[in-house]
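*Asks:* Input file: query-v6.txt. Contents: compact mmCIF, C-alpha atoms.
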```txt
# COMPACT_ATOMS: atom_id res chain seq x y z
CA MET A 977 -31.29 24.27 -49.23
CA ARG A 978 -33.53 26.65 -47.34
CA TYR A 979 -31.03 26.92 -44.47
CA SER A 980 -28.39 29.57 -44.70
CA SER A 981 -24.78 28.50 -44.42
CA GLY A 982 -24.65 30.59 -41.21
CA PHE A 983 -27.31 28.43 -39.63
CA LEU A 984 -25.55 25.23 -40.66
CA PHE A 985 -22.35 26.61 -39.17
CA PHE A 986 -24.21 27.32 -35.93
CA ILE A 987 -25.50 23.72 -35.83
CA LEU A 988 -22.00 22.40 -36.44
CA ILE A 989 -20.56 24.48 -33.58
CA ALA A 990 -23.38 23.42 -31.26
CA VAL A 991 -22.82 19.74 -32.03
CA GLN A 992 -19.09 20.14 -31.58
CA SER A 993 -19.41 21.83 -28.21
CA VAL A 994 -21.74 19.10 -26.95
CA PHE A 995 -19.22 16.58 -28.14
CA ALA A 996 -16.39 18.48 -26.41
CA GLN A 997 -18.31 18.35 -23.13
CA ASN A 998 -18.42 14.56 -23.32
CA SER A 999 -14.97 14.06 -24.75
CA ILE A 1000 -13.42 13.78 -21.29
CA GLU A 1001 -15.00 11.53 -18.75
CA ILE A 1002 -13.99 10.94 -15.13
CA THR A 1003 -14.77 7.56 -13.61
CA ASP A 1004 -14.02 5.57 -10.43
CA VAL A 1005 -13.43 8.63 -8.26
CA TRP A 1006 -12.66 8.02 -4.60
CA ILE A 1007 -10.68 9.45 -1.72
CA ASN A 1008 -8.84 7.26 0.75
CA GLU A 1009 -10.10 7.87 4.27
CA ALA A 1010 -7.26 8.64 6.66
CA PRO A 1011 -6.78 8.65 10.42
CA PRO A 1012 -8.30 11.85 11.86
CA THR A 1013 -4.92 13.42 12.70
CA VAL A 1014 -3.62 13.07 9.16
CA LYS A 1015 -3.71 16.31 7.18
CA ILE A 1016 -2.87 14.89 3.76
CA LEU A 1017 -5.21 12.53 1.93
CA ALA A 1018 -4.96 10.81 -1.42
CA GLY A 1019 -7.57 10.76 -4.18
CA TYR A 1020 -7.88 8.44 -7.16
CA PHE A 1021 -9.85 8.36 -10.43
CA THR A 1022 -9.62 7.50 -14.10
CA ILE A 1023 -9.66 10.05 -16.90
CA ASN A 1024 -11.10 8.79 -20.17
CA ASN A 1025 -10.08 11.03 -23.05
CA HIS A 1026 -12.48 10.13 -25.87
CA SER A 1027 -11.31 12.98 -28.11
CA ASP A 1028 -8.85 12.85 -30.97
CA ASP A 1029 -6.61 15.36 -29.22
CA PRO A 1030 -4.27 14.93 -26.28
CA VAL A 1031 -5.26 16.95 -23.24
CA ASP A 1032 -3.57 17.97 -20.00
CA LEU A 1033 -5.10 17.94 -16.57
CA VAL A 1034 -3.86 21.26 -15.20
CA THR A 1035 -5.51 21.92 -11.84
CA ALA A 1036 -7.77 20.36 -9.25
CA HIS A 1037 -9.76 22.24 -6.63
CA SER A 1038 -12.09 21.30 -3.84
CA PRO A 1039 -13.93 23.41 -1.27
CA SER A 1040 -13.02 20.68 1.24
CA PHE A 1041 -9.23 21.03 0.91
CA GLN A 1042 -6.83 23.94 1.06
CA LYS A 1043 -4.67 22.74 -1.81
CA ILE A 1044 -4.53 19.84 -4.30
CA GLU A 1045 -1.46 18.61 -6.16
CA PHE A 1046 -0.74 15.79 -8.57
CA HIS A 1047 1.81 13.29 -7.30
CA LEU A 1048 3.39 10.08 -8.47
CA THR A 1049 4.76 7.46 -6.08
CA GLU A 1050 7.74 5.90 -7.78
CA THR A 1051 9.40 2.85 -6.31
CA GLN A 1052 12.98 2.42 -7.42
CA ASP A 1053 15.32 -0.12 -5.87
CA GLY A 1054 12.70 -0.70 -3.19
CA VAL A 1055 12.53 2.97 -2.17
CA ALA A 1056 9.26 4.84 -2.60
CA ARG A 1057 9.60 8.46 -3.59
CA MET A 1058 6.86 11.00 -4.19
CA GLN A 1059 7.24 13.26 -7.14
CA LYS A 1060 5.10 16.36 -7.68
CA LEU A 1061 3.81 16.81 -11.22
CA GLU A 1062 2.59 20.14 -12.63
CA THR A 1063 0.26 18.61 -15.21
CA ILE A 1064 -0.92 15.19 -16.29
CA SER A 1065 -0.99 14.49 -20.04
CA ILE A 1066 -3.61 12.17 -21.42
CA PRO A 1067 -3.03 11.07 -25.02
CA ALA A 1068 -5.90 11.10 -27.53
CA GLN A 1069 -8.36 8.23 -27.25
CA SER A 1070 -6.89 6.83 -24.07
CA ASP A 1071 -7.44 6.37 -20.38
CA PHE A 1072 -5.24 7.52 -17.55
CA SER A 1073 -5.63 6.10 -14.06
CA PHE A 1074 -4.74 7.53 -10.69
CA SER A 1075 -4.37 4.50 -8.44
CA PRO A 1076 -2.84 3.53 -5.09
CA GLY A 1077 0.94 3.26 -5.18
CA GLU A 1078 1.11 5.24 -8.43
CA TYR A 1079 -0.47 8.53 -9.50
CA HIS A 1080 -2.61 10.22 -6.87
CA LEU A 1081 -4.17 13.52 -5.96
CA MET A 1082 -2.54 14.95 -2.85
CA LEU A 1083 -5.29 16.63 -0.89
CA PHE A 1084 -3.82 19.02 1.67
CA ASN A 1085 -5.38 20.29 4.89
CA PRO A 1086 -8.98 19.19 4.93
CA VAL A 1087 -11.31 21.91 6.23
CA LYS A 1088 -12.85 19.24 8.46
CA THR A 1089 -12.29 15.56 9.22
CA THR A 1090 -13.44 13.48 6.26
CA LYS A 1091 -15.11 10.19 7.01
CA ALA A 1092 -15.88 7.16 4.90
CA GLY A 1093 -19.19 7.51 3.09
CA GLU A 1094 -18.95 11.28 2.65
CA MET A 1095 -19.00 12.83 -0.82
CA ILE A 1096 -16.37 15.44 -1.63
CA SER A 1097 -16.73 17.85 -4.56
CA LEU A 1098 -13.74 18.10 -6.87
CA GLN A 1099 -13.30 20.32 -9.89
CA LEU A 1100 -10.79 19.23 -12.51
CA THR A 1101 -9.61 21.73 -15.10
CA PHE A 1102 -8.09 20.68 -18.42
CA SER A 1103 -5.85 22.46 -20.89
CA ASN A 1104 -8.67 22.74 -23.47
CA GLY A 1105 -10.71 24.79 -21.01
CA THR A 1106 -12.98 21.96 -19.93
CA ASN A 1107 -13.96 21.98 -16.27
CA ILE A 1108 -15.38 18.80 -14.85
CA ASP A 1109 -17.10 18.63 -11.49
CA VAL A 1110 -17.14 15.26 -9.81
CA GLU A 1111 -18.23 13.89 -6.47
CA ALA A 1112 -15.62 11.67 -4.83
CA GLU A 1113 -16.71 9.17 -2.24
CA VAL A 1114 -14.48 8.85 0.80
CA LYS A 1115 -13.72 5.16 1.28
CA ARG A 1116 -11.71 3.12 3.71
CA SER A 1117 -8.34 2.14 2.32
CA GLU A 1118 -8.55 -0.17 -0.62
CA LEU A 1119 -5.81 -2.49 -1.61
CA PRO A 1120 -3.85 -1.89 -4.77
CA PRO A 1121 -5.68 -3.40 -7.72
CA HIS A 1122 -4.56 -6.82 -8.82
CA HIS A 1123 -2.43 -6.70 -11.88
CA HIS A 1124 -4.70 -8.89 -13.93
CA HIS A 1125 -7.27 -6.10 -13.83
CA HIS A 1126 -5.00 -3.96 -15.97
CA MET B 251 -16.85 -62.82 1.96
CA LEU B 252 -14.52 -62.79 4.94
CA LEU B 253 -11.54 -63.20 2.62
CA THR B 254 -12.68 -60.26 0.50
CA ALA B 255 -13.04 -58.08 3.59
CA LEU B 256 -9.59 -59.10 4.79
CA PHE B 257 -8.16 -58.35 1.37
CA VAL B 258 -9.72 -54.87 1.44
CA ILE B 259 -8.30 -54.24 4.93
CA VAL B 260 -4.85 -55.34 3.84
CA CYS B 261 -5.04 -53.12 0.77
CA VAL B 262 -6.13 -50.11 2.83
CA ALA B 263 -3.33 -50.75 5.32
CA LEU B 264 -0.80 -51.05 2.52
CA GLY B 265 -2.15 -47.92 0.91
CA ALA B 266 -1.85 -46.02 4.19
CA GLY B 267 1.69 -47.32 4.57
CA VAL B 268 2.57 -46.05 1.12
CA GLY B 269 0.93 -42.76 2.01
CA ILE B 270 2.97 -42.35 5.18
CA TYR B 271 6.12 -43.34 3.37
CA THR B 272 5.41 -40.83 0.60
CA SER B 273 4.63 -38.03 3.01
CA ARG B 274 7.81 -38.73 4.97
CA ASP B 275 9.74 -38.66 1.78
CA TYR B 276 8.08 -35.37 0.90
CA THR B 277 8.98 -33.91 4.30
CA ALA B 278 12.59 -34.89 3.81
CA SER B 279 12.81 -33.25 0.38
CA ASN B 280 11.03 -30.20 1.77
CA ALA B 281 13.97 -29.56 4.09
CA VAL B 282 15.79 -28.09 1.12
CA LYS B 283 15.57 -24.31 1.28
CA PRO B 284 12.25 -23.36 -0.31
CA ALA B 285 12.36 -21.04 -3.28
CA VAL B 286 10.63 -18.06 -1.69
CA GLU B 287 11.40 -14.65 -3.10
CA GLY B 288 13.02 -12.48 -0.44
CA PHE B 289 13.85 -15.37 1.92
CA LEU B 290 17.20 -14.41 3.44
CA TRP B 291 18.38 -17.94 4.25
CA PRO B 292 20.95 -19.34 5.11
CA ASN B 293 22.52 -16.05 6.15
CA PRO B 294 19.93 -14.00 8.01
CA ARG B 295 21.17 -10.95 9.85
CA ILE B 296 20.85 -11.16 13.64
CA ILE B 297 19.19 -8.05 14.99
CA GLN B 298 21.31 -6.40 17.66
CA PRO B 299 19.83 -4.74 20.76
CA PHE B 300 18.20 -1.41 19.97
CA SER B 301 16.08 1.12 21.80
CA VAL B 302 13.08 3.07 20.51
CA VAL B 303 9.63 3.92 21.98
CA ASP B 304 6.21 2.56 21.15
CA GLN B 305 3.03 4.56 20.57
CA HIS B 306 2.32 4.64 24.31
CA GLY B 307 5.74 6.09 25.06
CA ASN B 308 7.04 2.78 26.48
CA PRO B 309 10.55 1.55 25.66
CA PHE B 310 10.68 -0.99 22.85
CA GLY B 311 13.75 -3.07 22.05
CA LEU B 312 15.02 -6.39 20.78
CA GLU B 313 13.31 -8.24 23.64
CA ASN B 314 9.96 -7.11 22.21
CA LEU B 315 10.77 -8.82 18.91
CA THR B 316 11.84 -12.18 20.28
CA GLY B 317 9.31 -14.95 20.79
CA GLN B 318 7.08 -13.93 17.91
CA TRP B 319 7.21 -13.16 14.23
CA SER B 320 7.31 -9.48 13.29
CA PHE B 321 6.34 -7.82 10.03
CA MET B 322 7.96 -4.38 9.97
CA PHE B 323 7.15 -1.48 7.71
CA PHE B 324 9.00 1.84 7.77
CA GLY B 325 7.00 4.93 6.82
CA PHE B 326 5.60 8.18 8.15
CA THR B 327 2.17 9.40 9.15
CA HIS B 328 2.12 12.30 6.65
CA CYS B 329 2.42 9.77 3.81
CA PRO B 330 -0.98 9.60 2.08
CA ASP B 331 -0.52 6.92 -0.54
CA ILE B 332 1.76 3.96 0.06
CA CYS B 333 1.78 3.94 3.91
CA PRO B 334 -1.97 3.64 4.52
CA ILE B 335 -2.23 1.05 1.76
CA THR B 336 0.57 -1.06 3.20
CA LEU B 337 -0.70 -0.82 6.78
CA SER B 338 -4.22 -1.79 5.72
CA LEU B 339 -2.75 -4.72 3.87
CA LEU B 340 -0.60 -5.83 6.80
CA SER B 341 -3.61 -5.57 9.13
CA GLN B 342 -5.38 -7.98 6.80
CA VAL B 343 -2.35 -10.26 6.79
CA GLN B 344 -2.44 -10.33 10.60
CA LYS B 345 -6.18 -11.02 10.64
CA LYS B 346 -5.90 -13.86 8.14
CA LEU B 347 -2.93 -15.40 9.92
CA ALA B 348 -4.87 -15.29 13.19
CA GLU B 349 -7.66 -17.29 11.52
CA GLN B 350 -5.11 -19.85 10.43
CA ASP B 351 -4.75 -22.93 12.60
CA THR B 352 -1.21 -22.24 13.75
CA ALA B 353 0.53 -21.39 16.97
CA ASP B 354 2.65 -18.68 15.34
CA LYS B 355 2.35 -15.36 17.09
CA VAL B 356 2.59 -12.46 14.68
CA GLN B 357 2.94 -8.74 15.31
CA ILE B 358 2.74 -5.89 12.81
CA ILE B 359 5.07 -3.00 13.46
CA PHE B 360 5.05 0.45 11.86
CA VAL B 361 8.31 2.34 12.36
CA SER B 362 8.25 6.08 11.72
CA VAL B 363 11.15 7.43 9.68
CA ASP B 364 9.90 10.94 10.48
CA PRO B 365 10.37 11.04 14.27
CA LYS B 366 10.52 14.85 14.19
CA ARG B 367 6.80 15.09 13.38
CA ASP B 368 5.72 11.63 14.51
CA THR B 369 5.47 11.87 18.27
CA PRO B 370 4.22 8.78 20.15
CA GLU B 371 0.76 10.45 20.32
CA GLN B 372 0.70 11.08 16.58
CA VAL B 373 1.82 7.49 15.91
CA ALA B 374 -0.80 6.17 18.37
CA ASP B 375 -3.63 7.95 16.56
CA TYR B 376 -2.28 6.75 13.24
CA VAL B 377 -1.77 3.04 13.94
CA SER B 378 -4.97 2.62 15.96
CA TYR B 379 -6.93 3.68 12.89
CA PHE B 380 -5.74 0.59 10.99
CA SER B 381 -5.92 -1.97 13.77
CA LYS B 382 -5.87 -2.00 17.56
CA ASN B 383 -3.20 -4.70 17.32
CA LEU B 384 -0.75 -2.60 15.35
CA ILE B 385 2.45 -1.46 17.07
CA GLY B 386 3.83 1.97 16.19
CA LEU B 387 7.43 2.93 16.91
CA THR B 388 9.23 6.23 16.98
CA GLY B 389 12.15 7.71 18.94
CA THR B 390 15.00 10.09 18.48
CA GLU B 391 16.45 10.53 15.00
CA GLU B 392 19.54 8.57 16.08
CA GLN B 393 17.48 5.70 17.52
CA ILE B 394 15.41 5.35 14.33
CA ALA B 395 18.51 5.61 12.15
CA GLY B 396 20.18 2.88 14.22
CA LEU B 397 17.29 0.46 13.83
CA ALA B 398 16.88 1.25 10.14
CA ARG B 399 20.57 0.69 9.51
CA GLN B 400 20.40 -2.81 11.02
CA ILE B 401 17.82 -3.88 8.45
CA GLY B 402 19.30 -1.85 5.62
CA VAL B 403 16.25 0.42 5.43
CA VAL B 404 16.84 3.44 3.27
CA TYR B 405 15.05 6.74 3.91
CA ILE B 406 15.72 10.31 2.88
CA VAL B 407 14.07 13.31 4.53
CA ASN B 408 13.48 15.87 1.76
CA ASP B 409 13.75 19.64 2.08
CA GLU B 410 10.74 21.53 3.34
CA THR B 411 8.46 22.82 0.61
CA ALA B 412 6.66 24.97 3.18
CA PRO B 413 7.26 25.32 6.94
CA GLY B 414 6.71 21.89 8.47
CA ASP B 415 5.77 20.44 5.10
CA TYR B 416 8.15 17.91 3.65
CA SER B 417 8.12 14.42 2.28
CA VAL B 418 10.25 11.42 3.21
CA ASP B 419 11.43 8.89 0.63
CA HIS B 420 11.44 5.50 2.25
CA SER B 421 11.63 1.79 1.68
CA ALA B 422 8.36 0.33 0.39
CA SER B 423 9.35 -3.18 1.48
CA VAL B 424 8.02 -5.25 4.35
CA PHE B 425 10.64 -6.85 6.60
CA LEU B 426 10.09 -10.17 8.34
CA ILE B 427 11.89 -10.81 11.65
CA SER B 428 11.86 -14.29 13.18
CA PRO B 429 11.04 -15.08 16.82
CA ALA B 430 14.78 -15.57 17.30
CA GLY B 431 15.43 -11.97 16.23
CA GLN B 432 16.75 -12.85 12.79
CA TRP B 433 15.93 -10.71 9.79
CA LEU B 434 14.61 -13.49 7.54
CA GLY B 435 12.46 -11.93 4.87
CA LEU B 436 12.45 -8.95 2.53
CA PHE B 437 9.14 -8.57 0.71
CA SER B 438 9.24 -5.97 -2.04
CA ALA B 439 6.32 -3.80 -3.17
CA PRO B 440 3.77 -4.06 -4.68
CA HIS B 441 2.34 -6.24 -1.92
CA GLU B 442 -0.55 -8.67 -1.96
CA VAL B 443 -2.14 -10.21 1.13
CA ASP B 444 -2.19 -13.84 -0.05
CA ASP B 445 1.28 -13.63 -1.50
CA ILE B 446 2.72 -12.39 1.81
CA ILE B 447 0.81 -15.07 3.74
CA ASN B 448 2.03 -17.84 1.44
CA ARG B 449 5.62 -16.69 1.68
CA PHE B 450 5.38 -16.35 5.46
CA ASN B 451 3.86 -19.84 5.86
CA THR B 452 6.58 -21.43 3.77
CA ILE B 453 9.33 -19.62 5.65
CA SER B 454 7.94 -20.33 9.13
CA GLU B 455 7.40 -24.04 8.29
CA TYR B 456 10.96 -24.29 7.08
CA ILE B 457 12.38 -22.52 10.14
CA LYS B 458 10.44 -24.84 12.47
CA LYS B 459 12.15 -27.83 10.82
CA GLN B 460 15.55 -26.27 11.43
CA GLU B 461 14.92 -26.08 15.17
```
Would you write the structure of this file as structure tokens?

*Replies:*
Amino acid sequence: MRYSSGFLFFILIAVQSVFAQNSIEITDVWINEAPPTVKILAGYFTINNHSDDPVDLVTAHSPSFQKIEFHLTETQDGVARMQKLETISIPAQSDFSFSPGEYHLMLFNPVKTTKAGEMISLQLTFSNGTNIDVEAEVKRSELPPHHHHH
Amino acid sequence: MLLTALFVIVCVALGAGVGIYTSRDYTASNAVKPAVEGFLWPNPRIIQPFSVVDQHGNPFGLENLTGQWSFMFFGFTHCPDICPITLSLLSQVQKKLAEQDTADKVQIIFVSVDPKRDTPEQVADYVSYFSKNLIGLTGTEEQIAGLARQIGVVYIVNDETAPGDYSVDHSASVFLISPAGQWLGLFSAPHEVDDIINRFNTISEYIKKQE
């Protein structure tokens, strides 16, 4: 009763913003190591949207690459085709995975040769203004996950 | 005591006889075409002579396919997702098959469907990353198109999005060619190492019985 409504409002906002920071989580981040002459690499991760609102992944940046795009490998009638996507929509309370043979980050023109074991900084920007910095480990090609893991 | 021992010996001998009989019977029934997905029997296509170059710039043709099994994958070195995954997987297939107690010789072949950018040097750097045993092929656009056509491989070179920057849509399948130069297997994506090995073993066993 001693607290003013203004103070309570401040607390509420503070709690909400802390919650917003944790509402999107990035897990299982890795970049597929490529032969040294290859100038396009692929990156993978999972976005966990814990919030009650859908959110879009709008951009990705890295000091280690000139440009990053979102791509989807689609295989239709046995033919694999890469499709560029402007944004990636993640519904409320759900996970979205970038994984080999499906959605992937296209990492163009590395500033230097990336080797397995290195950590690459990535910044992911979402439509609600959230920026998330992650460290992606460069790993030697992994096989597509077995379907029973899904 | 002696009688008991004799009885046991007779039983064992009979049992072995039944075993041999059963296994023979099994072999006979196994001669029926096995139900393997992508097994192109009884009408495999015979590969006709063709001419491309390998990663060292040496000519490569039909004679380099005969006498051993070939797993072929068509892709391009600027492909970041499905090509490296498939080549890593096929390198593992080759390694596992080599550990198998079999006389089958197996080669893994990457064919570039982007010969404009994929020079023999570029292909050499690319394939050697996955395995020193991998063979990489390129050539003129006509040569690659000719080989692809024989196996029904579809690929589409897309328009440039920036100078020198374009993507190629291509078959995600793995093609199995027999030591007699017959296109025998079409393995569709997504691929798994053990699944490819099992299918290959069944097919090669069956083909041996046909000879």

*Asks:* Pick from A:Ala1010, A:Leu1048, A:Val1114, A:Ile1002: nearest to A:His1080, with all atoms listed in the file counted?

*Replies:*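 Ranking A:Ala1010, A:Leu1048, A:Val1114, A:Ile1002 by distance to A:His1080, first place goes to A:Leu1048.
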
*Asks:* Mind giving me the straight-line distance from atom CA of B:Ala430 to atom CA of B:Phe321 in Å, one decimal?

*Replies:*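 Between these atoms lies a distance of 13.6 Å.
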
*Asks:* Return the neighbours of chain B among the residues of chain A, cut-off 6 Å, counting all atoms listed in the file, as a PyMOL selection string.

*Replies:* chain A and resi 1011+1016-1018+1054-1057+1077

*Asks:* Just give me the residues with any atom within 10 Å of (17.5, -2.4, 7.6), file coordinates, counting only C-alpha atoms, written as a ChimeraX atom specification.

*Replies:* /B:295,297,324,395-404,421,425,433,436

*Asks:* My list of candidates is B:Ile457, B:Leu387, B:Val286, B:Ala353. Which is closest to B:Pro365 when distances are computed with only C-alpha atoms?

*Replies:*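 Ranked by minimum distance to B:Pro365, first place goes to B:Leu387.
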
*Asks:* What is the distance between atom CA of B:Trp319 and atom CA of B:Ala374, in Å to one decimal?

*Replies:*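 Here the two named atoms are 21.3 Å from each other.
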
*Asks:* Between atom CA of A:Ile1066 and atom CA of A:Phe1102, what is the spacing in Å?

*Replies:*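 Atom CA of A:Ile1066 lies at a distance of 10.1 Å from atom CA of A:Phe1102.
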
*Asks:* I'd like the neighbourhood of A:Gly1093 as a compact mmCIF listing (two decimals) with C-alpha atoms, in the frame of the given file, where a residue qualifies if any of its atoms comes within 9 Å (using all atoms listed in the file), though same-chain residues fewer than 6 positions away should be ignored.

*Replies:*
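The result, written out as around.txt:
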```txt
# COMPACT_ATOMS: atom_id res chain seq x y z
CA GLU A 1113 -16.71 9.17 -2.24
CA VAL A 1114 -14.48 8.85 0.80
CA LYS A 1115 -13.72 5.16 1.28
CA ARG A 1116 -11.71 3.12 3.71
```

*Asks:* Given only C-alpha atoms as the basis, pick out the residue of B:Leu340, B:Lys366, B:Asp415, B:Glu455 nearest to B:Met322.

*Replies:* B:Leu340

*Asks:* Near A:Leu1098, counting all atoms listed in the file, which residues have an atom at most 8 Å away, once you skip same-chain residues fewer than 2 positions from it, shown as a list of chain:residue names?

*Replies:*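 Here the qualifying residues turn out to be A:Ala1036, A:His1037, A:Ser1038, A:Pro1039, A:Ile1096, A:Leu1100, A:Asp1109, A:Val1110, A:Glu1111, A:Ala1112.
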
*Asks:* Compile the contact shell of B:Pro294 as an MDAnalysis selection string: residues with an atom at most 9 Å away, counting only C-alpha atoms, same-chain residues fewer than 2 positions apart removed.

*Replies:* chainID B and resid 289:292 296 432:435

*Asks:* Generate a file of the selected residues that holds C-alpha atoms, formatted as a short mmCIF file (atom, residue, chain, number, x, y, z; two decimals), in the coordinates of the input.

*Replies:*
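The resulting part.cif:
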```cif
data_model
loop_
_atom_site.label_atom_id
_atom_site.label_comp_id
_atom_site.auth_asym_id
_atom_site.auth_seq_id
_atom_site.Cartn_x
_atom_site.Cartn_y
_atom_site.Cartn_z
CA PHE B 289 13.85 -15.37 1.92
CA LEU B 290 17.20 -14.41 3.44
CA TRP B 291 18.38 -17.94 4.25
CA PRO B 292 20.95 -19.34 5.11
CA ILE B 296 20.85 -11.16 13.64
CA GLN B 432 16.75 -12.85 12.79
CA TRP B 433 15.93 -10.71 9.79
CA LEU B 434 14.61 -13.49 7.54
CA GLY B 435 12.46 -11.93 4.87
#
```

*Asks:* Please work out which residues fall within 7 Å of (-8.5, 11.1, -27.8), coordinates as given in the file, with only C-alpha atoms counting, and return them as an NGL selection string.

*Replies:* :A and (1025-1030 or 1067-1070)

*Asks:* Counting all atoms listed in the file, which residue out of B:Gln393, B:Phe300, B:Gln305, B:Val282 sits closest to B:Lys459?

*Replies:*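 Ranking B:Gln393, B:Phe300, B:Gln305, B:Val282 by distance to B:Lys459, first place goes to B:Val282.
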
*Asks:* So, counting all atoms listed in the file, which residue among B:Val361, B:Ser428, B:Ser341, B:Glu391 is closest to B:Thr316?

*Replies:*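 Looking at the shortest contact to B:Thr316, the residue is B:Ser428.
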